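Chemist: Structure file query.txt, compact mmCIF, C-alpha atoms, is pasted below:
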# COMPACT_ATOMS: atom_id res chain seq x y z
CA MET A 1 164.64 109.28 152.24
CA ILE A 2 161.07 108.67 151.13
CA HIS A 3 159.68 107.11 147.96
CA THR A 4 155.91 107.24 147.22
CA GLU A 5 153.96 105.53 144.45
CA ILE A 6 150.20 105.67 143.96
CA MET A 7 148.53 102.67 142.35
CA GLU A 8 144.97 102.42 141.09
CA VAL A 9 143.26 99.07 141.44
CA GLU A 10 139.83 97.91 140.32
CA THR A 11 137.83 95.78 142.73
CA ARG A 12 135.07 93.39 141.65
CA GLY A 13 132.60 94.18 144.42
CA GLU A 14 131.81 93.42 148.01
CA VAL A 15 134.45 91.53 149.99
CA ASP A 16 136.72 91.13 146.98
CA ILE A 17 140.22 90.48 148.39
CA LEU A 18 143.13 91.50 146.14
CA ASP A 19 146.73 90.39 146.63
CA LEU A 20 148.94 93.51 146.38
CA THR A 21 152.19 91.87 147.51
CA GLN A 22 153.99 91.80 144.15
CA ASP A 23 153.03 95.39 143.37
CA VAL A 24 154.28 96.54 146.76
CA GLU A 25 157.52 94.57 146.32
CA SER A 26 158.07 96.41 143.02
CA VAL A 27 157.73 99.77 144.74
CA VAL A 28 160.25 98.70 147.40
CA SER A 29 162.61 97.64 144.62
CA ASN A 30 162.09 100.95 142.73
CA SER A 31 162.83 102.92 145.91
CA LYS A 32 166.39 101.48 146.21
CA ILE A 33 165.85 101.66 149.98
CA ARG A 34 167.61 98.79 151.76
CA GLU A 35 166.48 99.30 155.35
CA GLY A 36 163.30 100.98 156.52
CA ILE A 37 159.55 100.67 156.55
CA CYS A 38 156.93 100.25 153.84
CA HIS A 39 153.52 101.80 154.49
CA VAL A 40 150.54 100.68 152.38
CA PHE A 41 147.35 102.78 152.63
CA VAL A 42 144.04 102.68 150.77
CA GLN A 43 142.16 105.97 150.51
CA GLY A 44 138.49 105.86 151.50
CA SER A 45 136.20 104.78 154.32
CA THR A 46 134.84 101.51 152.89
CA ALA A 47 138.00 99.51 152.14
CA ALA A 48 140.77 98.01 154.26
CA ILE A 49 144.37 96.84 154.06
CA THR A 50 145.56 93.83 156.03
CA THR A 51 147.57 90.64 155.57
CA VAL A 52 146.40 87.08 155.05
CA GLU A 53 147.67 83.83 153.60
CA TYR A 54 146.28 84.23 150.10
CA GLU A 55 144.62 80.87 149.50
CA PRO A 56 141.02 80.07 148.41
CA GLY A 57 139.82 78.91 151.83
CA LEU A 58 140.68 82.09 153.70
CA LEU A 59 139.24 84.18 150.88
CA LYS A 60 135.91 82.70 152.03
CA ASP A 61 136.65 82.66 155.77
CA ILE A 62 137.40 86.39 156.00
CA PRO A 63 134.08 87.40 154.37
CA ALA A 64 132.28 84.88 156.57
CA ALA A 65 133.81 86.45 159.69
CA LEU A 66 132.88 89.95 158.50
CA GLU A 67 129.29 88.85 157.98
CA ARG A 68 129.16 87.14 161.38
CA LEU A 69 130.55 90.16 163.25
CA PHE A 70 129.00 92.98 161.20
CA PRO A 71 125.92 91.51 159.48
CA LYS A 72 124.66 93.23 156.38
CA GLY A 73 121.02 92.65 157.29
CA ILE A 74 120.79 94.43 160.64
CA ASN A 75 119.91 98.10 161.12
CA TYR A 76 122.58 100.74 160.56
CA GLU A 77 121.84 104.38 161.37
CA HIS A 78 124.19 105.37 158.55
CA HIS A 79 121.38 104.39 156.21
CA ARG A 80 119.28 107.30 157.49
CA THR A 81 121.93 109.80 156.40
CA TRP A 82 122.63 108.57 152.89
CA HIS A 83 120.21 105.73 152.04
CA ASP A 84 123.07 103.99 150.28
CA GLY A 85 122.88 100.66 152.12
CA ASN A 86 126.55 100.42 153.04
CA GLY A 87 126.50 101.15 156.77
CA HIS A 88 128.03 97.72 157.47
CA SER A 89 130.85 98.54 154.99
CA HIS A 90 131.81 101.65 156.94
CA VAL A 91 131.72 99.92 160.32
CA ARG A 92 133.81 97.01 159.00
CA ALA A 93 136.36 99.48 157.59
CA SER A 94 136.66 101.35 160.90
CA PHE A 95 137.56 98.09 162.63
CA LEU A 96 139.94 96.72 159.95
CA LYS A 97 141.47 100.11 159.14
CA GLN A 98 143.11 101.32 155.95
CA SER A 99 146.81 100.63 156.29
CA ILE A 100 149.64 98.37 157.36
CA THR A 101 153.36 98.91 157.82
CA VAL A 102 155.93 96.22 156.97
CA PRO A 103 159.69 96.33 157.68
CA VAL A 104 162.09 96.54 154.73
CA VAL A 105 165.31 94.62 155.38
CA GLY A 106 167.99 94.01 152.76
CA GLY A 107 165.80 95.75 150.20
CA LYS A 108 162.91 93.31 150.69
CA LEU A 109 159.63 93.21 152.63
CA ALA A 110 160.04 91.18 155.83
CA LEU A 111 156.84 89.18 155.24
CA GLY A 112 156.42 85.52 156.09
CA THR A 113 156.10 83.03 153.23
CA TRP A 114 152.34 82.71 153.81
CA GLN A 115 151.72 86.34 154.62
CA GLN A 116 150.40 88.45 151.75
CA ILE A 117 149.39 92.13 151.72
CA VAL A 118 145.75 92.44 150.68
CA LEU A 119 143.18 95.09 149.92
CA VAL A 120 139.69 94.14 151.15
CA GLU A 121 136.85 95.83 149.27
CA LEU A 122 134.11 96.42 151.82
CA ASP A 123 131.77 98.57 149.74
CA ILE A 124 128.71 97.01 148.12
CA ARG A 125 129.82 97.60 144.53
CA PRO A 126 133.00 97.47 142.44
CA ARG A 127 135.23 100.47 143.08
CA ARG A 128 138.38 102.00 141.65
CA ARG A 129 140.76 102.29 144.64
CA LYS A 130 143.78 104.51 145.13
CA VAL A 131 146.55 102.73 147.07
CA TYR A 132 149.53 104.67 148.42
CA VAL A 133 152.76 102.72 148.83
CA GLN A 134 155.47 104.58 150.73
CA VAL A 135 158.97 103.39 151.48
CA MET A 136 161.03 105.31 154.06
CA GLY A 137 164.58 104.56 155.13
CA GLU A 138 168.10 104.47 153.78
CA MET B 1 168.19 107.60 160.76
CA ILE B 2 166.90 104.06 161.19
CA HIS B 3 167.85 101.37 163.69
CA THR B 4 166.52 97.80 163.26
CA GLU B 5 166.84 94.84 165.63
CA ILE B 6 165.33 91.40 165.11
CA MET B 7 164.36 89.43 168.20
CA GLU B 8 163.36 85.78 168.38
CA VAL B 9 160.77 84.83 170.96
CA GLU B 10 159.34 81.44 171.92
CA THR B 11 155.61 81.22 172.52
CA ARG B 12 153.96 78.55 174.66
CA GLY B 13 150.98 77.84 172.43
CA GLU B 14 147.59 79.14 171.48
CA VAL B 15 146.64 82.60 172.77
CA ASP B 16 149.86 82.98 174.74
CA ILE B 17 150.32 86.73 175.28
CA LEU B 18 153.92 87.92 175.77
CA ASP B 19 154.91 91.33 177.14
CA LEU B 20 157.59 92.76 174.80
CA THR B 21 157.71 96.26 176.32
CA GLN B 22 161.08 96.01 178.05
CA ASP B 23 162.73 94.44 175.02
CA VAL B 24 161.35 97.18 172.79
CA GLU B 25 162.48 99.88 175.26
CA SER B 26 166.01 98.42 175.06
CA VAL B 27 166.02 98.72 171.28
CA VAL B 28 164.88 102.34 171.55
CA SER B 29 167.69 102.97 174.01
CA ASN B 30 170.26 101.23 171.75
CA SER B 31 169.15 103.34 168.81
CA LYS B 32 170.11 106.64 170.52
CA ILE B 33 167.12 108.15 168.69
CA ARG B 34 165.45 110.87 170.80
CA GLU B 35 162.44 111.77 168.68
CA GLY B 36 160.69 109.53 166.17
CA ILE B 37 158.61 106.40 165.86
CA CYS B 38 159.09 102.80 166.94
CA HIS B 39 157.54 100.12 164.73
CA VAL B 40 157.08 96.59 166.13
CA PHE B 41 156.19 93.83 163.64
CA VAL B 42 155.84 90.06 163.98
CA GLN B 43 156.50 88.02 160.85
CA GLY B 44 153.84 85.45 159.93
CA SER B 45 150.11 85.12 159.36
CA THR B 46 149.05 83.52 162.68
CA ALA B 47 150.34 85.98 165.27
CA ALA B 48 149.55 89.58 166.18
CA ILE B 49 151.02 92.62 167.89
CA THR B 50 148.85 94.95 169.95
CA THR B 51 148.83 96.71 173.33
CA VAL B 52 147.06 95.79 176.55
CA GLU B 53 147.38 96.42 180.26
CA TYR B 54 149.44 93.35 181.13
CA GLU B 55 147.58 91.94 184.14
CA PRO B 56 146.19 88.41 184.72
CA GLY B 57 142.54 89.31 184.15
CA LEU B 58 142.97 90.73 180.66
CA LEU B 59 145.25 87.81 179.73
CA LYS B 60 142.04 85.75 180.05
CA ASP B 61 139.64 88.36 178.65
CA ILE B 62 141.47 88.76 175.33
CA PRO B 63 141.43 85.00 174.58
CA ALA B 64 137.77 84.87 175.62
CA ALA B 65 136.93 87.67 173.17
CA LEU B 66 138.87 85.92 170.38
CA GLU B 67 136.94 82.70 171.01
CA ARG B 68 133.61 84.56 171.11
CA LEU B 69 134.26 86.43 167.85
CA PHE B 70 136.19 83.76 165.93
CA PRO B 71 135.27 80.40 167.48
CA LYS B 72 137.67 77.55 167.02
CA GLY B 73 134.89 75.00 166.59
CA ILE B 74 133.05 76.41 163.55
CA ASN B 75 133.84 75.56 159.94
CA TYR B 76 136.75 77.28 158.22
CA GLU B 77 137.36 76.72 154.51
CA HIS B 78 141.09 77.13 155.18
CA HIS B 79 140.95 73.62 156.59
CA ARG B 80 140.20 72.25 153.11
CA THR B 81 143.44 73.68 151.75
CA TRP B 82 145.90 72.52 154.40
CA HIS B 83 144.04 70.31 156.93
CA ASP B 84 146.05 71.96 159.69
CA GLY B 85 143.14 73.08 161.87
CA ASN B 86 144.24 76.69 162.28
CA GLY B 87 141.75 78.55 160.07
CA HIS B 88 140.54 80.53 163.07
CA SER B 89 144.16 81.53 163.84
CA HIS B 90 144.57 83.07 160.39
CA VAL B 91 141.26 84.95 160.52
CA ARG B 92 142.03 86.30 164.00
CA ALA B 93 145.45 87.47 162.77
CA SER B 94 143.97 89.29 159.77
CA PHE B 95 141.72 91.27 162.13
CA LEU B 96 144.32 92.00 164.84
CA LYS B 97 147.19 92.54 162.38
CA GLN B 98 150.92 92.13 162.90
CA SER B 99 152.25 95.50 163.95
CA ILE B 100 151.93 98.66 165.98
CA THR B 101 153.73 102.00 165.92
CA VAL B 102 154.49 104.00 169.08
CA PRO B 103 155.93 107.52 169.29
CA VAL B 104 159.45 107.98 170.70
CA VAL B 105 159.78 111.22 172.67
CA GLY B 106 162.83 112.17 174.73
CA GLY B 107 164.37 108.79 173.90
CA LYS B 108 161.46 106.85 175.42
CA LEU B 109 158.31 105.10 174.19
CA ALA B 110 155.25 107.33 174.73
CA LEU B 111 153.17 104.51 176.24
CA GLY B 112 150.73 104.94 179.10
CA THR B 113 151.61 103.41 182.49
CA TRP B 114 149.13 100.58 181.94
CA GLN B 115 149.79 100.13 178.23
CA GLN B 116 152.16 97.30 177.33
CA ILE B 117 153.26 96.08 173.89
CA VAL B 118 152.31 92.43 173.45
CA LEU B 119 152.70 89.61 170.99
CA VAL B 120 149.61 87.39 170.76
CA GLU B 121 150.29 83.85 169.59
CA LEU B 122 147.25 82.82 167.56
CA ASP B 123 148.53 79.53 166.12
CA ILE B 124 147.50 76.24 167.72
CA ARG B 125 150.98 75.23 168.87
CA PRO B 126 154.10 76.84 170.35
CA ARG B 127 156.06 78.77 167.75
CA ARG B 128 159.40 80.53 167.48
CA ARG B 129 158.52 84.09 166.34
CA LYS B 130 160.67 86.70 164.64
CA VAL B 131 159.87 90.22 165.86
CA TYR B 132 161.26 93.27 164.04
CA VAL B 133 161.75 96.40 166.14
CA GLN B 134 162.53 99.51 164.12
CA VAL B 135 163.25 102.98 165.43
CA MET B 136 163.22 105.89 162.97
CA GLY B 137 163.92 109.52 163.75
CA GLU B 138 166.69 111.79 164.95
CA MET C 1 162.91 115.21 159.26
CA ILE C 2 160.40 114.71 162.04
CA HIS C 3 157.87 117.07 163.57
CA THR C 4 155.94 116.09 166.73
CA GLU C 5 153.07 117.87 168.44
CA ILE C 6 151.17 116.67 171.50
CA MET C 7 147.53 117.66 171.82
CA GLU C 8 145.30 117.26 174.86
CA VAL C 9 141.64 116.51 174.22
CA GLU C 10 138.73 116.14 176.63
CA THR C 11 136.28 113.33 175.98
CA ARG C 12 132.69 113.32 177.22
CA GLY C 13 132.51 109.70 178.31
CA GLU C 14 132.04 106.20 177.00
CA VAL C 15 132.12 105.76 173.23
CA ASP C 16 132.46 109.48 172.57
CA ILE C 17 133.93 109.80 169.05
CA LEU C 18 135.93 112.97 168.36
CA ASP C 19 136.91 114.21 164.90
CA LEU C 20 140.64 115.10 165.01
CA THR C 21 141.10 115.68 161.27
CA GLN C 22 141.43 119.46 161.31
CA ASP C 23 143.84 119.42 164.25
CA VAL C 24 145.98 116.81 162.51
CA GLU C 25 145.91 118.81 159.24
CA SER C 26 147.21 121.81 161.19
CA VAL C 27 150.16 119.81 162.48
CA VAL C 28 150.96 118.63 158.95
CA SER C 29 150.84 122.25 157.81
CA ASN C 30 153.07 123.40 160.71
CA SER C 31 155.62 120.70 159.88
CA LYS C 32 156.26 122.09 156.36
CA ILE C 33 156.73 118.47 155.29
CA ARG C 34 155.51 117.91 151.72
CA GLU C 35 155.91 114.15 151.34
CA GLY C 36 155.91 111.58 154.09
CA ILE C 37 153.72 109.96 156.70
CA CYS C 38 151.60 111.27 159.54
CA HIS C 39 151.28 109.07 162.62
CA VAL C 40 148.46 109.75 165.12
CA PHE C 41 148.65 107.95 168.48
CA VAL C 42 146.58 108.18 171.67
CA GLN C 43 148.33 107.28 174.90
CA GLY C 44 146.54 104.80 177.15
CA SER C 45 144.90 101.39 177.10
CA THR C 46 141.22 102.38 176.98
CA ALA C 47 141.03 104.61 173.89
CA ALA C 48 141.52 104.06 170.17
CA ILE C 49 142.34 105.92 166.98
CA THR C 50 140.72 104.96 163.67
CA THR C 51 138.97 106.55 160.69
CA VAL C 52 135.29 106.84 159.89
CA GLU C 53 132.96 108.99 157.84
CA TYR C 54 132.04 111.50 160.55
CA GLU C 55 128.25 111.64 160.28
CA PRO C 56 125.57 111.12 162.96
CA GLY C 57 124.51 107.65 161.82
CA LEU C 58 127.93 106.04 162.07
CA LEU C 59 128.52 107.74 165.43
CA LYS C 60 125.74 105.40 166.64
CA ASP C 61 126.68 102.39 164.50
CA ILE C 62 130.26 102.14 165.82
CA PRO C 63 129.16 102.07 169.50
CA ALA C 64 126.44 99.54 168.59
CA ALA C 65 129.05 97.27 166.97
CA LEU C 66 131.35 97.61 170.00
CA GLU C 67 128.49 96.61 172.32
CA ARG C 68 127.52 93.67 170.08
CA LEU C 69 131.09 92.32 169.87
CA PHE C 70 132.35 93.20 173.36
CA PRO C 71 129.26 93.55 175.58
CA LYS C 72 129.59 95.62 178.70
CA GLY C 73 127.39 93.27 180.72
CA ILE C 74 129.31 89.99 180.43
CA ASN C 75 132.01 88.83 182.82
CA TYR C 76 135.53 90.24 182.46
CA GLU C 77 138.34 88.85 184.59
CA HIS C 78 139.93 92.30 184.54
CA HIS C 79 137.30 93.27 187.10
CA ARG C 80 138.89 90.90 189.62
CA THR C 81 142.17 92.81 189.43
CA TRP C 82 140.94 96.37 189.75
CA HIS C 83 137.17 96.36 190.40
CA ASP C 84 136.88 99.36 188.10
CA GLY C 85 134.27 97.96 185.71
CA ASN C 86 136.08 98.76 182.47
CA GLY C 87 137.26 95.32 181.34
CA HIS C 88 135.27 95.69 178.13
CA SER C 89 136.99 99.07 177.50
CA HIS C 90 140.43 97.43 177.61
CA VAL C 91 139.46 94.53 175.35
CA ARG C 92 137.87 96.90 172.81
CA ALA C 93 141.03 99.02 172.83
CA SER C 94 143.30 96.01 172.21
CA PHE C 95 141.25 95.16 169.10
CA LEU C 96 140.90 98.72 167.74
CA LYS C 97 144.42 99.81 168.73
CA GLN C 98 145.77 103.27 169.47
CA SER C 99 147.14 104.63 166.22
CA ILE C 100 146.86 105.11 162.51
CA THR C 101 149.27 106.29 159.83
CA VAL C 102 148.18 108.40 156.86
CA PRO C 103 150.30 109.41 153.84
CA VAL C 104 151.24 113.05 153.40
CA VAL C 105 151.38 114.07 149.73
CA GLY C 106 151.82 117.63 148.52
CA GLY C 107 151.75 118.82 152.13
CA LYS C 108 148.30 117.34 152.77
CA LEU C 109 146.83 114.20 154.35
CA ALA C 110 145.84 111.70 151.64
CA LEU C 111 142.43 111.02 153.20
CA GLY C 112 139.26 110.42 151.22
CA THR C 113 136.53 113.07 151.33
CA TRP C 114 134.42 110.97 153.71
CA GLN C 115 137.31 109.62 155.74
CA GLN C 116 137.96 111.41 159.03
CA ILE C 117 140.54 110.65 161.74
CA VAL C 118 138.79 109.96 165.03
CA LEU C 119 139.58 109.27 168.65
CA VAL C 120 137.19 106.75 170.23
CA GLU C 121 136.87 107.04 174.00
CA LEU C 122 136.37 103.51 175.28
CA ASP C 123 136.66 104.14 179.01
CA ILE C 124 133.52 104.43 181.14
CA ARG C 125 134.01 108.06 182.12
CA PRO C 126 135.19 111.33 180.56
CA ARG C 127 138.99 111.44 180.21
CA ARG C 128 141.65 113.94 179.29
CA ARG C 129 143.59 112.27 176.44
CA LYS C 130 147.09 112.93 175.16
CA VAL C 131 147.31 112.56 171.36
CA TYR C 132 150.70 112.48 169.61
CA VAL C 133 150.77 113.70 166.02
CA GLN C 134 154.02 113.00 164.20
CA VAL C 135 154.92 113.97 160.67
CA MET C 136 158.00 112.37 159.07
CA GLY C 137 159.36 113.03 155.60
CA GLU C 138 160.88 115.79 153.51
What would the structure in this file look like if it were written as structure tokens?
Modeler:
Amino acid sequence: MIHTEIMEVETRGEVDILDLTQDVESVVSNSKIREGICHVFVQGSTAAITTVEYEPGLLKDIPAALERLFPKGINYEHHRTWHDGNGHSHVRASFLKQSITVPVVGGKLALGTWQQIVLVELDIRPRRRKVYVQVMGE
Amino acid sequence: MIHTEIMEVETRGEVDILDLTQDVESVVSNSKIREGICHVFVQGSTAAITTVEYEPGLLKDIPAALERLFPKGINYEHHRTWHDGNGHSHVRASFLKQSITVPVVGGKLALGTWQQIVLVELDIRPRRRKVYVQVMGE
Amino acid sequence: MIHTEIMEVETRGEVDILDLTQDVESVVSNSKIREGICHVFVQGSTAAITTVEYEPGLLKDIPAALERLFPKGINYEHHRTWHDGNGHSHVRASFLKQSITVPVVGGKLALGTWQQIVLVELDIRPRRRKVYVQVMGE
């Protein structure tokens, strides 16, 4: 059995981190699936899905790590193709990737207490993002 | 069809890397599923699941890369929230993520000979970890 | 329902990035599955699967980021085990991982227009790679 819902979320700009956990929990609940997997995927090449403890400190530490590892100010060849200044966004997204899978047990996501599902906006401007939430199982 | 088993594993402290391959193979075998996927997920926001060739050199190289990319000694805002000194653990976990999926073909994991499934403890102390192993297919 | 196909692809050497999107689309089409997930996995510990906008600039930016984060020239303990000079390949592969999952909706992959599925060769020589494409759903 498979249950798919597509959500649209608005991001506020670069390195905005949105907590999707409650929305994903609702989809799991709607699916009536008790045991299986939940797959969360954001469409596009300049956003990512991961997990993090959703607290104000880490919402600064994750962007700081992205800037340290993939600085905005260095040269990106992507710029030569499109001149849109978001080469770093693409590279960051290829490393963080666009989806995660979480077990569903007893009709609930098997997340830890301090483990939230988040969308990370990596593009340099606010975007409207399409998030696919899929629950498979019985 | 879906088969889920939950394992508890003890880690020995920061950047301990445990080979879970045989345990996961046993779950695949228990499931009687011949063709499908196997999803391995660790609960929590300071641990990760990935693959590596499990040999002594890489068990040092992975921690060295983590320290180079996400140094323990720099400032993390997470520290202001909880004062527990594991900001770097959380950031590392958000980048490495908590799960992998491996094909099951002919009742076996489709891993390479030198490709093992590992849990990476990223927290700063030994932890008891809950690992979900899920086999879906026919 | 599950449909699995195994493809063999030849890579041209270190940090070769191959666009697999059309091949994966064909497998989805062959499967006749309308709604579900598509899992793409490369066997081995020195290759990765991710997504990227497949244009010439980013095909240089991704290798540049890999070299910045996991330089080829520094010491890797892996070298002491095998003397094969690809310690950096293994570490890169553990961070990028070997698979991605993409939703299938209406019989098609739910990718963005500028979001392609790619295999990244991380080993230091051309390799023949086995890629598993699995479609699950109804």
Chemist: Using only C-alpha atoms, which residues of chain B come within 8 Å of chain A, and what is the closest atom pair for each, with the distance in Å to one decimal? Give it as a Markdown table, sorted by chain and residue number.
Modeler:
| residue | atom | partner | partner_atom | distance |
| --- | --- | --- | --- | --- |
| B:Met1 | CA | A:Gly137 | CA | 7.3 |
| B:Ile2 | CA | A:Gly137 | CA | 6.5 |
| B:Phe41 | CA | A:Val102 | CA | 7.1 |
| B:Gln43 | CA | A:Gly112 | CA | 5.4 |
| B:Gly44 | CA | A:Gly112 | CA | 4.6 |
| B:Ser45 | CA | A:Gln115 | CA | 5.2 |
| B:Leu69 | CA | A:Leu69 | CA | 7.0 |
| B:Phe70 | CA | A:Ala65 | CA | 7.2 |
| B:Tyr76 | CA | A:Asp61 | CA | 5.9 |
| B:Glu77 | CA | A:Gly57 | CA | 4.2 |
| B:His78 | CA | A:Gly57 | CA | 4.0 |
| B:His79 | CA | A:Gly57 | CA | 7.2 |
| B:Arg80 | CA | A:Gly57 | CA | 6.8 |
| B:Thr81 | CA | A:Gly57 | CA | 6.4 |
| B:Gly87 | CA | A:Leu58 | CA | 7.4 |
| B:His90 | CA | A:Val52 | CA | 6.9 |
| B:Val91 | CA | A:Ile62 | CA | 6.1 |
| B:Ala93 | CA | A:Val52 | CA | 7.8 |
| B:Ser94 | CA | A:Thr51 | CA | 5.7 |
| B:Phe95 | CA | A:Leu96 | CA | 6.1 |
| B:Lys97 | CA | A:Thr50 | CA | 6.7 |
| B:Ser99 | CA | A:Thr101 | CA | 7.1 |
| B:Tyr132 | CA | A:Pro103 | CA | 7.2 |
| B:Gln134 | CA | A:Pro103 | CA | 7.7 |
Chemist: Given the choices C:Arg34, C:Lys108, C:Ala48, C:Arg92, which gets closest to Thr21 (chain C) if the distance is worked out from only C-alpha atoms?
Modeler: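 Looking at the shortest contact to Thr21 (chain C), the residue is C:Lys108.
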Chemist: For CA of Glu67 (chain B) and CA of Asn75 (chain C), quote the distance in Å rounded to one decimal.
Modeler: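 Distance between the two atoms: 14.2 Å.
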Chemist: What does the distance between CA of Pro126 (chain C) and CA of Thr4 (chain C) come to in Å, to one decimal place?
Modeler: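 Going from CA of Pro126 (chain C) over to CA of Thr4 (chain C), I get 25.4 Å.
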Chemist: Between CA of Val133 (chain A) and CA of His3 (chain A), what is the distance, to one decimal in Å?
Modeler: 8.2 Å
Chemist: What's the 7 Å shell around Ile17 (chain B), counting all atoms listed in the file, without same-chain residues fewer than 2 positions away, as a PyMOL selection string?
Modeler: chain B and resi 15+19+59+118-121
Chemist: Taking all atoms listed in the file into account, name the residue in B:Ser89, B:Thr11, B:Gln22, B:Gln98 that is nearest to Gly73 (chain B).
Modeler: B:Ser89
Chemist: Taking all atoms listed in the file into account, name the residue in B:Ala47, B:Ile33, B:Cys38, B:Ile6 that is nearest to Asp123 (chain B).
Modeler: B:Ala47
